[in-house]
Every structure is written in structure tokens, then in C-alpha cells.
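Here is query.pdb, consisting of PDB, C-alpha atoms:
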ATOM      1  CA  MET A1058      99.934  85.356 125.727  1.00  0.00           C
ATOM      2  CA  ASN A1059      97.860  88.463 125.210  1.00  0.00           C
ATOM      3  CA  HIS A1060     100.108  91.045 123.593  1.00  0.00           C
ATOM      4  CA  GLN A1061      98.543  94.382 122.713  1.00  0.00           C
ATOM      5  CA  ILE A1062     100.003  96.815 120.214  1.00  0.00           C
ATOM      6  CA  SER A1063      98.276 100.197 120.137  1.00  0.00           C
ATOM      7  CA  ILE A1064      99.096 102.206 116.988  1.00  0.00           C
ATOM      8  CA  GLY A1065      98.237 105.837 116.350  1.00  0.00           C
ATOM      9  CA  PHE A1066      98.990 108.026 113.355  1.00  0.00           C
ATOM     10  CA  GLU A1067      99.819 111.690 113.849  1.00  0.00           C
ATOM     11  CA  THR A1068     100.758 112.139 110.204  1.00  0.00           C
ATOM     12  CA  GLU A1069      99.335 111.206 106.827  1.00  0.00           C
ATOM     13  CA  VAL A1070     100.572 107.818 105.647  1.00  0.00           C
ATOM     14  CA  GLU A1071      99.767 106.272 102.310  1.00  0.00           C
ATOM     15  CA  ASP A1072      97.876 103.006 102.928  1.00  0.00           C
ATOM     16  CA  ALA A1073      97.758 103.515 106.699  1.00  0.00           C
ATOM     17  CA  LYS A1074      95.881 100.227 107.259  1.00  0.00           C
ATOM     18  CA  ALA A1075      98.688  98.211 105.646  1.00  0.00           C
ATOM     19  CA  VAL A1076     101.349 100.116 107.609  1.00  0.00           C
ATOM     20  CA  GLU A1077      99.409  99.567 110.848  1.00  0.00           C
ATOM     21  CA  GLU A1078      99.099  95.838 110.164  1.00  0.00           C
ATOM     22  CA  LEU A1079     102.808  95.572 109.288  1.00  0.00           C
ATOM     23  CA  ILE A1080     103.869  97.306 112.506  1.00  0.00           C
ATOM     24  CA  ARG A1081     101.521  95.126 114.572  1.00  0.00           C
ATOM     25  CA  THR A1082     102.728  91.921 112.888  1.00  0.00           C
ATOM     26  CA  CYS A1083     106.405  92.781 113.384  1.00  0.00           C
ATOM     27  CA  ALA A1084     105.982  93.839 117.009  1.00  0.00           C
ATOM     28  CA  LEU A1085     104.003  90.718 117.862  1.00  0.00           C
ATOM     29  CA  ARG A1086     106.582  88.544 116.110  1.00  0.00           C
ATOM     30  CA  VAL A1087     109.396  89.941 118.267  1.00  0.00           C
ATOM     31  CA  LEU A1088     107.407  89.396 121.461  1.00  0.00           C
ATOM     32  CA  GLU A1089     106.658  85.834 120.337  1.00  0.00           C
ATOM     33  CA  SER A1090     110.246  85.091 119.296  1.00  0.00           C
ATOM     34  CA  GLU A1091     111.507  86.405 122.634  1.00  0.00           C
ATOM     35  CA  ASN A1092     109.030  84.167 124.462  1.00  0.00           C
ATOM     36  CA  VAL A1093     107.760  87.103 126.506  1.00  0.00           C
ATOM     37  CA  PRO A1094     106.005  85.146 129.275  1.00  0.00           C
ATOM     38  CA  PHE A1095     103.528  87.826 130.319  1.00  0.00           C
ATOM     39  CA  ASP A1096     100.775  89.865 128.732  1.00  0.00           C
ATOM     40  CA  ALA A1097     102.515  92.886 127.241  1.00  0.00           C
ATOM     41  CA  ALA A1098     101.523  96.174 125.640  1.00  0.00           C
ATOM     42  CA  ILE A1099     103.377  98.646 123.424  1.00  0.00           C
ATOM     43  CA  ASP A1100     102.171 102.068 122.300  1.00  0.00           C
ATOM     44  CA  VAL A1101     103.274 103.023 118.780  1.00  0.00           C
ATOM     45  CA  THR A1102     102.900 106.472 117.246  1.00  0.00           C
ATOM     46  CA  VAL A1103     103.700 107.242 113.615  1.00  0.00           C
ATOM     47  CA  VAL A1104     104.835 110.843 113.193  1.00  0.00           C
ATOM     48  CA  ASP A1105     106.322 113.196 110.640  1.00  0.00           C
ATOM     49  CA  ALA A1106     109.905 114.441 110.436  1.00  0.00           C
ATOM     50  CA  ASP A1107     109.247 117.645 112.386  1.00  0.00           C
ATOM     51  CA  GLU A1108     107.756 115.789 115.347  1.00  0.00           C
ATOM     52  CA  ILE A1109     110.455 113.133 115.580  1.00  0.00           C
ATOM     53  CA  ARG A1110     113.113 115.830 115.329  1.00  0.00           C
ATOM     54  CA  ARG A1111     111.453 117.687 118.220  1.00  0.00           C
ATOM     55  CA  LEU A1112     111.283 114.491 120.320  1.00  0.00           C
ATOM     56  CA  ASN A1113     114.871 113.548 119.469  1.00  0.00           C
ATOM     57  CA  ALA A1114     116.066 116.989 120.600  1.00  0.00           C
ATOM     58  CA  GLU A1115     113.937 116.917 123.747  1.00  0.00           C
ATOM     59  CA  HIS A1116     114.806 113.408 124.911  1.00  0.00           C
ATOM     60  CA  ARG A1117     118.247 112.730 123.424  1.00  0.00           C
ATOM     61  CA  ASP A1118     119.696 116.226 122.924  1.00  0.00           C
ATOM     62  CA  LYS A1119     120.066 115.466 119.205  1.00  0.00           C
ATOM     63  CA  ASP A1120     118.509 118.133 116.999  1.00  0.00           C
ATOM     64  CA  ALA A1121     118.087 115.899 113.964  1.00  0.00           C
ATOM     65  CA  VAL A1122     115.465 113.820 112.213  1.00  0.00           C
ATOM     66  CA  THR A1123     115.779 110.151 113.121  1.00  0.00           C
ATOM     67  CA  ASP A1124     113.853 107.072 112.023  1.00  0.00           C
ATOM     68  CA  VAL A1125     112.602 105.550 115.281  1.00  0.00           C
ATOM     69  CA  LEU A1126     112.720 106.281 118.993  1.00  0.00           C
ATOM     70  CA  SER A1127     112.140 103.781 121.777  1.00  0.00           C
ATOM     71  CA  PHE A1128     111.078 104.720 125.282  1.00  0.00           C
ATOM     72  CA  PRO A1129     111.145 101.670 127.563  1.00  0.00           C
ATOM     73  CA  MET A1130     109.066 101.668 130.741  1.00  0.00           C
ATOM     74  CA  TYR A1131     111.244  99.093 132.477  1.00  0.00           C
ATOM     75  CA  GLU A1132     114.876  98.152 132.527  1.00  0.00           C
ATOM     76  CA  PHE A1133     115.619  94.937 130.668  1.00  0.00           C
ATOM     77  CA  TYR A1134     118.949  93.418 129.693  1.00  0.00           C
ATOM     78  CA  ASN A1135     118.874  91.326 126.524  1.00  0.00           C
ATOM     79  CA  GLY A1136     115.283  90.274 127.076  1.00  0.00           C
ATOM     80  CA  GLN A1137     115.496  89.733 130.833  1.00  0.00           C
ATOM     81  CA  PRO A1138     113.715  92.147 133.188  1.00  0.00           C
ATOM     82  CA  GLN A1139     116.041  93.799 135.668  1.00  0.00           C
ATOM     83  CA  GLU A1140     113.247  95.005 137.915  1.00  0.00           C
ATOM     84  CA  GLU A1141     109.800  93.933 139.049  1.00  0.00           C
ATOM     85  CA  LEU A1142     107.185  94.391 136.318  1.00  0.00           C
ATOM     86  CA  GLU A1143     103.725  95.678 137.125  1.00  0.00           C
ATOM     87  CA  THR A1144     100.544  95.014 135.182  1.00  0.00           C
ATOM     88  CA  GLU A1145      98.246  97.829 134.157  1.00  0.00           C
ATOM     89  CA  PRO A1146      94.967  97.543 136.069  1.00  0.00           C
ATOM     90  CA  ASP A1147      92.750  98.170 133.024  1.00  0.00           C
ATOM     91  CA  SER A1148      94.405  95.807 130.549  1.00  0.00           C
ATOM     92  CA  GLY A1149      96.232  93.306 132.742  1.00  0.00           C
ATOM     93  CA  CYS A1150      99.277  93.896 130.536  1.00  0.00           C
ATOM     94  CA  VAL A1151     102.776  95.052 131.366  1.00  0.00           C
ATOM     95  CA  MET A1152     103.345  98.292 129.438  1.00  0.00           C
ATOM     96  CA  LEU A1153     106.767  97.789 127.834  1.00  0.00           C
ATOM     97  CA  GLY A1154     106.982 101.332 126.512  1.00  0.00           C
ATOM     98  CA  ASP A1155     106.522 103.606 123.538  1.00  0.00           C
ATOM     99  CA  MET A1156     107.799 103.438 119.996  1.00  0.00           C
ATOM    100  CA  ILE A1157     107.782 106.567 117.825  1.00  0.00           C
ATOM    101  CA  LEU A1158     108.313 105.857 114.112  1.00  0.00           C
ATOM    102  CA  CYS A1159     108.930 108.490 111.444  1.00  0.00           C
ATOM    103  CA  TYR A1160     107.274 107.050 108.349  1.00  0.00           C
ATOM    104  CA  THR A1161     108.681 109.667 105.959  1.00  0.00           C
ATOM    105  CA  ARG A1162     112.217 108.883 107.130  1.00  0.00           C
ATOM    106  CA  ALA A1163     111.535 105.148 106.758  1.00  0.00           C
ATOM    107  CA  VAL A1164     110.427 105.665 103.141  1.00  0.00           C
ATOM    108  CA  GLU A1165     113.527 107.780 102.426  1.00  0.00           C
ATOM    109  CA  GLN A1166     115.824 105.144 103.935  1.00  0.00           C
ATOM    110  CA  ALA A1167     114.134 102.358 102.003  1.00  0.00           C
ATOM    111  CA  ALA A1168     114.928 104.170  98.748  1.00  0.00           C
ATOM    112  CA  GLN A1169     118.473 104.861  99.928  1.00  0.00           C
ATOM    113  CA  PHE A1170     119.069 101.212 100.885  1.00  0.00           C
ATOM    114  CA  GLY A1171     117.319  99.801  97.817  1.00  0.00           C
ATOM    115  CA  HIS A1172     114.530  97.898  99.483  1.00  0.00           C
ATOM    116  CA  SER A1173     110.817  98.376 100.107  1.00  0.00           C
ATOM    117  CA  PRO A1174     109.240 100.746 102.631  1.00  0.00           C
ATOM    118  CA  ALA A1175     107.637  97.637 104.167  1.00  0.00           C
ATOM    119  CA  ARG A1176     111.080  96.118 104.803  1.00  0.00           C
ATOM    120  CA  GLU A1177     112.300  99.377 106.374  1.00  0.00           C
ATOM    121  CA  CYS A1178     109.212  99.831 108.581  1.00  0.00           C
ATOM    122  CA  GLY A1179     109.490  96.185 109.589  1.00  0.00           C
ATOM    123  CA  TYR A1180     113.146  96.610 110.455  1.00  0.00           C
ATOM    124  CA  LEU A1181     112.520  99.778 112.476  1.00  0.00           C
ATOM    125  CA  THR A1182     109.665  98.144 114.374  1.00  0.00           C
ATOM    126  CA  THR A1183     111.725  95.046 115.140  1.00  0.00           C
ATOM    127  CA  HIS A1184     114.671  97.219 116.170  1.00  0.00           C
ATOM    128  CA  SER A1185     112.521  99.334 118.484  1.00  0.00           C
ATOM    129  CA  VAL A1186     110.767  96.420 120.198  1.00  0.00           C
ATOM    130  CA  LEU A1187     114.148  94.790 120.840  1.00  0.00           C
ATOM    131  CA  HIS A1188     115.272  98.067 122.453  1.00  0.00           C
ATOM    132  CA  LEU A1189     112.168  97.992 124.675  1.00  0.00           C
ATOM    133  CA  LEU A1190     113.316  94.525 125.756  1.00  0.00           C
ATOM    134  CA  GLY A1191     116.782  95.788 126.668  1.00  0.00           C
ATOM    135  CA  TYR A1192     118.798  94.865 123.602  1.00  0.00           C
ATOM    136  CA  ASP A1193     121.301  97.574 122.711  1.00  0.00           C
ATOM    137  CA  HIS A1194     123.521  97.691 119.633  1.00  0.00           C
ATOM    138  CA  GLU A1195     125.520 100.553 121.159  1.00  0.00           C
ATOM    139  CA  ARG A1196     126.601  98.684 124.306  1.00  0.00           C
ATOM    140  CA  ASN A1197     129.411  96.557 122.832  1.00  0.00           C
ATOM    141  CA  ASP A1198     130.291  94.471 119.758  1.00  0.00           C
ATOM    142  CA  GLU A1199     128.814  91.251 121.169  1.00  0.00           C
ATOM    143  CA  ASP A1200     125.482  92.929 121.912  1.00  0.00           C
ATOM    144  CA  THR A1201     125.507  94.539 118.464  1.00  0.00           C
ATOM    145  CA  ARG A1202     125.883  91.100 116.828  1.00  0.00           C
ATOM    146  CA  LEU A1203     123.180  89.651 119.073  1.00  0.00           C
ATOM    147  CA  MET A1204     120.686  92.412 118.277  1.00  0.00           C
ATOM    148  CA  ARG A1205     121.424  92.414 114.533  1.00  0.00           C
ATOM    149  CA  GLY A1206     120.990  88.636 114.416  1.00  0.00           C
ATOM    150  CA  LYS A1207     117.622  88.859 116.151  1.00  0.00           C
ATOM    151  CA  GLU A1208     116.509  91.637 113.795  1.00  0.00           C
ATOM    152  CA  GLU A1209     117.420  89.617 110.705  1.00  0.00           C
ATOM    153  CA  ASP A1210     115.938  86.363 112.065  1.00  0.00           C
ATOM    154  CA  ASN A1211     112.599  88.031 112.782  1.00  0.00           C
ATOM    155  CA  LEU A1212     112.491  89.824 109.431  1.00  0.00           C
ATOM    156  CA  ALA A1213     113.391  86.635 107.554  1.00  0.00           C
ATOM    157  CA  PHE A1214     110.621  84.764 109.395  1.00  0.00           C
ATOM    158  CA  LEU A1215     108.182  87.431 108.169  1.00  0.00           C
ATOM    159  CA  GLY A1216     109.568  87.400 104.619  1.00  0.00           C
ATOM    160  CA  LEU A1217     110.938  90.937 104.895  1.00  0.00           C
ATOM    161  CA  THR A1218     114.352  90.331 103.409  1.00  0.00           C
ATOM    162  CA  ARG A1219     116.655  93.019 102.078  1.00  0.00           C
ATOM    163  CA  GLU A1220     115.445  92.213  98.565  1.00  0.00           C
ATOM    164  CA  ASN A1221     111.879  93.177  99.512  1.00  0.00           C
TER
END
Final C-alpha cells representation of the file:
Amino acid sequence: MNHQISIGFETEVEDAKAVEELIRTCALRVLESENVPFDAAIDVTVVDADEIRRLNAEHRDKDAVTDVLSFPMYEFYNGQPQEELETEPDSGCVMLGDMILCYTRAVEQAAQFGHSPARECGYLTTHSVLHLLGYDHERNDEDTRLMRGKEEDNLAFLGLTREN
């Protein structure tokens, strides 16, 4: 499958090339592990705390800095589309949606949780792509376990364990 991950930086990030490659690798891994049977695209933007706070307030009525936001284009339920998907004429891909990642918050959380910024960015990317595919840890306990298991399986496959 042809999966396209477009990544833009609206904020300064130390070693942006490595962060971009990490995000791309993690997003592609989730699409592969979910056996997404169509060409898919995801737009990723890395922002600062002020911008993600603004977006969180605007779209979720939560005036607080958060780590990642996911904006799906289609309704999925645990990886299964719930509506007809359309391909973009230019790319031939189905646009799954947008992911907005706050790198500064990811670095803060990595320090707080005692693991690397790479592990935290990998987790947030995996988490967000699963949301774009209709997984939701807030729906019920069973779905929380399902999503957490998929997050950990994908991160372990990539070597991004909690110790990293």
C-alpha cells in the first residue's frame, strides 16, 4: 500500500529530521499493523504549547495545553470504516485526517514519565493514528484495553519501550 505521511513543523524542534522520521515510522507502522487495505494519507503538524492550547480550546472547549490532537476525516470504529471512503484526486489516497503534536509537551511528559522523548513522541503518534482509525480509550473499558494493547504492541515492535 502507498501510505503518505505529510509532516510540517510550526515550531522549533531540536533535531527536526530525527523527529520527522520517528513520526513517519510510527504512523506507517500503525497503518501496516492495522492492515489498512487502501492508500492512506495523514497530515501531521508539530506545534508549540500556545498553538495546541488554542486548538484544544477551539475544537474541544478545553483551555489547556495537551500533548496531541487527532482530527479524523471519516468515522471508523476500531479500525473499520463506518462510511464510504473517498480518494483524493491528486494523490489517490484516502485522507484519514490530521494529527497535531505538541513537541514541548511531549518532552516534558517524557521527563515526567522517566523515558526518552522519542518514546513519548512515538507513543503520541501511535495513539493519534489509532484515534484516526476509530479506536477510543474513552468509550469503555474494553476499548481502552484494546487501544492500549495496540499502542504497546506497535511501540514494542519499533523498540520504543518504556525504558527507552
Using all atoms listed in the file, find each residue in segment 1080-1185 of chain A having at least one atom no more than 10 Å away from segment 1199-1206 of chain A; report its shortest atom-to-atom pair and that distance in Å (one decimal), rows by chain then rising number, as CSV.
residue,atom,partner,partner_atom,distance
A:Asn1135,CA,A:Asp1200,CA,8.2
A:Thr1183,CA,A:Met1204,CA,9.9
A:His1184,CA,A:Met1204,CA,8.0
Legend entry - Surrounding residues of segment 1102-1110 of chain A excluding itself and chain neighbours under 6 positions, 9 Å, all atoms listed in the file, as a list in words: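 The contact residues come out as Ser1063, Ile1064, Gly1065, Phe1066, Glu1067, Thr1068, Glu1069, Val1070, Lys1119, Asp1120, Ala1121, Val1122, Thr1123, Asp1124, Val1125, Leu1126, Asp1155, Met1156, Ile1157, Leu1158, Cys1159, Tyr1160, Thr1161 and Arg1162 of chain A.
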Inset, instruction - Find the residue from A:Glu1195, A:Asp1147, A:Glu1115, A:Glu1132 that sits nearest to Ala1098 of chain A; use only C-alpha atoms when measuring. - result: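 Once distances to Ala1098 of chain A are computed over only C-alpha atoms, the minimum belongs to A:Asp1147.
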Legend entry - Which of A:Glu1077, A:Glu1143, A:Asp1210, A:Asp1100 sits closest to Ser1185 of chain A [using all atoms listed in the file]: A:Asp1100
Legend entry - Residues in the PyMOL selection byres ((chain A and resi 1151) around 10), expressed as a list of chain:residue names: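 Applying the expression gives A:His1060, A:Gln1061, A:Phe1095, A:Asp1096, A:Ala1097, A:Ala1098, A:Ile1099, A:Met1130, A:Tyr1131, A:Leu1142, A:Glu1143, A:Thr1144, A:Glu1145, A:Pro1146, A:Ser1148, A:Gly1149, A:Cys1150, A:Met1152, A:Leu1153, A:Gly1154.
Rounded to one decimal, atom CA of Leu1187 of chain A and atom CA of Pro1129 of chain A lie 10.1 Å from each other.
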Inset, instruction - On this file, the PyMOL selection byres ((chain A and resi 1180) around 10) gives some set of residues; write that set as a list in words. - result: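 Given this file, the PyMOL selection byres ((chain A and resi 1180) around 10) evaluates to Ile1080, Cys1083, Ala1163, Pro1174, Ala1175, Arg1176, Glu1177, Cys1178, Gly1179, Leu1181, Thr1182, Thr1183, His1184, Ser1185, Glu1208, Glu1209, Asn1211, Leu1212, Leu1217, Thr1218 and Arg1219 of chain A.
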Legend entry - Between atom CA of Ser1173 of chain A and atom CA of Gly1136 of chain A, distance in Å (one decimal):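 It comes out at 28.5 Å.
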Inset, instruction - Would you work out the distance separating atom CA of Phe1128 of chain A from atom CA of Leu1189 of chain A, expressed in Å to one decimal? - result: 6.8 Å
As a PDB file, keeping the file's coordinate frame, the rebuilt segment 1128-1148 of chain A with N, CA, C and O atoms:
ATOM      1  N   PHE A1128     111.133 104.238 123.908  1.00  0.00           N
ATOM      2  CA  PHE A1128     111.078 104.720 125.282  1.00  0.00           C
ATOM      3  C   PHE A1128     110.597 103.587 126.193  1.00  0.00           C
ATOM      4  O   PHE A1128     109.390 103.411 126.398  1.00  0.00           O
ATOM      5  N   PRO A1129     111.535 102.798 126.719  1.00  0.00           N
ATOM      6  CA  PRO A1129     111.145 101.670 127.563  1.00  0.00           C
ATOM      7  C   PRO A1129     110.600 102.144 128.911  1.00  0.00           C
ATOM      8  O   PRO A1129     111.055 103.140 129.462  1.00  0.00           O
ATOM      9  N   MET A1130     109.632 101.388 129.420  1.00  0.00           N
ATOM     10  CA  MET A1130     109.066 101.668 130.741  1.00  0.00           C
ATOM     11  C   MET A1130     109.854 100.969 131.846  1.00  0.00           C
ATOM     12  O   MET A1130     109.833 101.404 132.984  1.00  0.00           O
ATOM     13  N   TYR A1131     110.506  99.877 131.493  1.00  0.00           N
ATOM     14  CA  TYR A1131     111.244  99.093 132.477  1.00  0.00           C
ATOM     15  C   TYR A1131     112.648  98.838 131.972  1.00  0.00           C
ATOM     16  O   TYR A1131     112.919  98.885 130.779  1.00  0.00           O
ATOM     17  N   GLU A1132     113.517  98.511 132.907  1.00  0.00           N
ATOM     18  CA  GLU A1132     114.876  98.152 132.527  1.00  0.00           C
ATOM     19  C   GLU A1132     114.940  96.647 132.276  1.00  0.00           C
ATOM     20  O   GLU A1132     114.596  95.835 133.132  1.00  0.00           O
ATOM     21  N   PHE A1133     115.360  96.317 131.063  1.00  0.00           N
ATOM     22  CA  PHE A1133     115.619  94.937 130.668  1.00  0.00           C
ATOM     23  C   PHE A1133     117.082  94.854 130.248  1.00  0.00           C
ATOM     24  O   PHE A1133     117.693  95.856 129.878  1.00  0.00           O
ATOM     25  N   TYR A1134     117.626  93.660 130.260  1.00  0.00           N
ATOM     26  CA  TYR A1134     118.949  93.418 129.693  1.00  0.00           C
ATOM     27  C   TYR A1134     118.831  92.189 128.805  1.00  0.00           C
ATOM     28  O   TYR A1134     118.573  91.080 129.297  1.00  0.00           O
ATOM     29  N   ASN A1135     118.962  92.410 127.512  1.00  0.00           N
ATOM     30  CA  ASN A1135     118.874  91.326 126.524  1.00  0.00           C
ATOM     31  C   ASN A1135     117.683  90.401 126.787  1.00  0.00           C
ATOM     32  O   ASN A1135     117.814  89.181 126.835  1.00  0.00           O
ATOM     33  N   GLY A1136     116.525  91.011 126.943  1.00  0.00           N
ATOM     34  CA  GLY A1136     115.283  90.274 127.076  1.00  0.00           C
ATOM     35  C   GLY A1136     114.896  89.887 128.492  1.00  0.00           C
ATOM     36  O   GLY A1136     113.788  89.395 128.710  1.00  0.00           O
ATOM     37  N   GLN A1137     115.770  90.117 129.444  1.00  0.00           N
ATOM     38  CA  GLN A1137     115.496  89.733 130.833  1.00  0.00           C
ATOM     39  C   GLN A1137     115.192  90.976 131.671  1.00  0.00           C
ATOM     40  O   GLN A1137     115.999  91.911 131.720  1.00  0.00           O
ATOM     41  N   PRO A1138     114.028  90.990 132.344  1.00  0.00           N
ATOM     42  CA  PRO A1138     113.715  92.147 133.188  1.00  0.00           C
ATOM     43  C   PRO A1138     114.719  92.278 134.329  1.00  0.00           C
ATOM     44  O   PRO A1138     115.131  91.280 134.920  1.00  0.00           O
ATOM     45  N   GLN A1139     115.093  93.510 134.594  1.00  0.00           N
ATOM     46  CA  GLN A1139     116.041  93.799 135.668  1.00  0.00           C
ATOM     47  C   GLN A1139     115.355  94.419 136.878  1.00  0.00           C
ATOM     48  O   GLN A1139     116.015  94.886 137.804  1.00  0.00           O
ATOM     49  N   GLU A1140     114.032  94.467 136.810  1.00  0.00           N
ATOM     50  CA  GLU A1140     113.247  95.005 137.915  1.00  0.00           C
ATOM     51  C   GLU A1140     111.876  94.344 137.894  1.00  0.00           C
ATOM     52  O   GLU A1140     111.515  93.677 136.925  1.00  0.00           O
ATOM     53  N   GLU A1141     111.133  94.523 138.966  1.00  0.00           N
ATOM     54  CA  GLU A1141     109.800  93.933 139.049  1.00  0.00           C
ATOM     55  C   GLU A1141     108.870  94.645 138.065  1.00  0.00           C
ATOM     56  O   GLU A1141     108.844  95.874 137.988  1.00  0.00           O
ATOM     57  N   LEU A1142     108.118  93.856 137.307  1.00  0.00           N
ATOM     58  CA  LEU A1142     107.185  94.391 136.318  1.00  0.00           C
ATOM     59  C   LEU A1142     105.793  94.457 136.928  1.00  0.00           C
ATOM     60  O   LEU A1142     105.392  93.547 137.658  1.00  0.00           O
ATOM     61  N   GLU A1143     105.075  95.505 136.606  1.00  0.00           N
ATOM     62  CA  GLU A1143     103.725  95.678 137.125  1.00  0.00           C
ATOM     63  C   GLU A1143     102.729  95.674 135.977  1.00  0.00           C
ATOM     64  O   GLU A1143     102.975  96.269 134.930  1.00  0.00           O
ATOM     65  N   THR A1144     101.590  95.031 136.205  1.00  0.00           N
ATOM     66  CA  THR A1144     100.544  95.014 135.182  1.00  0.00           C
ATOM     67  C   THR A1144      99.657  96.239 135.323  1.00  0.00           C
ATOM     68  O   THR A1144      99.427  96.739 136.430  1.00  0.00           O
ATOM     69  N   GLU A1145      99.188  96.715 134.185  1.00  0.00           N
ATOM     70  CA  GLU A1145      98.246  97.829 134.157  1.00  0.00           C
ATOM     71  C   GLU A1145      96.889  97.312 134.633  1.00  0.00           C
ATOM     72  O   GLU A1145      96.425  96.260 134.164  1.00  0.00           O
ATOM     73  N   PRO A1146      96.237  98.036 135.535  1.00  0.00           N
ATOM     74  CA  PRO A1146      94.967  97.543 136.069  1.00  0.00           C
ATOM     75  C   PRO A1146      93.878  97.363 135.007  1.00  0.00           C
ATOM     76  O   PRO A1146      93.110  96.402 135.065  1.00  0.00           O
ATOM     77  N   ASP A1147      93.816  98.247 134.035  1.00  0.00           N
ATOM     78  CA  ASP A1147      92.750  98.170 133.024  1.00  0.00           C
ATOM     79  C   ASP A1147      92.932  97.006 132.060  1.00  0.00           C
ATOM     80  O   ASP A1147      91.971  96.316 131.724  1.00  0.00           O
ATOM     81  N   SER A1148      94.168  96.798 131.599  1.00  0.00           N
ATOM     82  CA  SER A1148      94.405  95.807 130.549  1.00  0.00           C
ATOM     83  C   SER A1148      94.955  94.482 131.065  1.00  0.00           C
ATOM     84  O   SER A1148      94.874  93.471 130.383  1.00  0.00           O
TER      85      SER A1148
END
